[in-house]
Amino acid sequence: MRILGLDVGSRTVGVALSDETRLLASPLLTIRRTGVARDVGEVVRLASEHEVSVIVVGMPFELSGRIGFSARRVSGFIDALKKQWTGQVETWDERMSTVAAERSLLEADMSRRRRKTVVDKVAAAIILQGYLDATRSKL
């Protein structure tokens with residue numbers, strides 16, 4: 001079964017998907033936020049469609065490690081997700097994932113307009129790849 005990775009922002013949710021061997025994460029799509037219930041419903045639909053067993057949600061801790069406003073917002077999203085989806089939900093420290101995504105897109109010489117459309121799903125792939133790498137021996 002596959003794993004879905006999420007980068008939950010205030011305007012979008014970046015989504016990434018693992019391969020069946022759970023070795024590689026790939027950007028999948030970006031969901032434009034319209035409301036927690038609809039957003040979670042779309043994530044649940046994607047999880048079912050791709051036969052996902054685990055959803056990994058990036059937790060945006062502050063650089064100090066504290067739980068700030070963004071992390072509390074994502075916690076609310078996770079609570080709503082757990083009410084609609086019966087599978088396993090994990091969190092992963094996502095500090096600097098968007099920065100890493102921006103950096104890799106800049107290195108690929110991608111235009112600013114194009115970067116803006118893909119950065120969230122690339123950040124989700126970075127979050128998911130970190131989770132896959134760290135938990136490989138446990139899965």
# chains A, B, ... in the order shown; residues from 1 in each chain; ligands from 1
call {"tool": "select_by_dssp", "arguments": {"residues": "range 14-103 of chain A", "states": "alpha helix (DSSP H)", "output": "PyMOL selection string"}}
result
chain A and resi 36-49+69-84+97-103
call {"tool": "residues_around", "arguments": {"residues": "Thr91 in chain A", "least_positions_apart": "4", "cutoff": "8 Å", "atoms": "only C-alpha atoms", "output": "number ranges by chain"}}
result
A: 56-59
call {"tool": "atom_distance", "arguments": {"atom1": "CA of Val54 in chain A", "atom2": "CA of Thr30 in chain A"}}
result
18.5 Å
call {"tool": "closest_residue", "arguments": {"among": "A:Leu81, A:Ile55, A:Ile3, A:Val119", "to": "Val36 in chain A", "atoms": "only C-alpha atoms"}}
result
A:Leu81
call {"tool": "select_by_dssp", "arguments": {"residues": "chain A", "states": "strand (DSSP E or B)", "output": "number ranges by chain"}}
result
A: 2-8, 12-18, 25-32, 52-59, 88-93
call {"tool": "residues_around", "arguments": {"residues": "Asp19 in chain A", "least_positions_apart": "6", "cutoff": "10 Å", "atoms": "only C-alpha atoms", "output": "MDAnalysis selection string"}}
result
chainID A and resid 1:4 25:26
call {"tool": "closest_residue", "arguments": {"among": "A:Leu63, A:Val40, A:Ser70, A:Trp92", "to": "Thr135 in chain A", "atoms": "only C-alpha atoms"}}
result
A:Trp92
call {"tool": "atom_distance", "arguments": {"atom1": "CA of Gly130 in chain A", "atom2": "CA of Gln84 in chain A"}}
result
25.4 Å
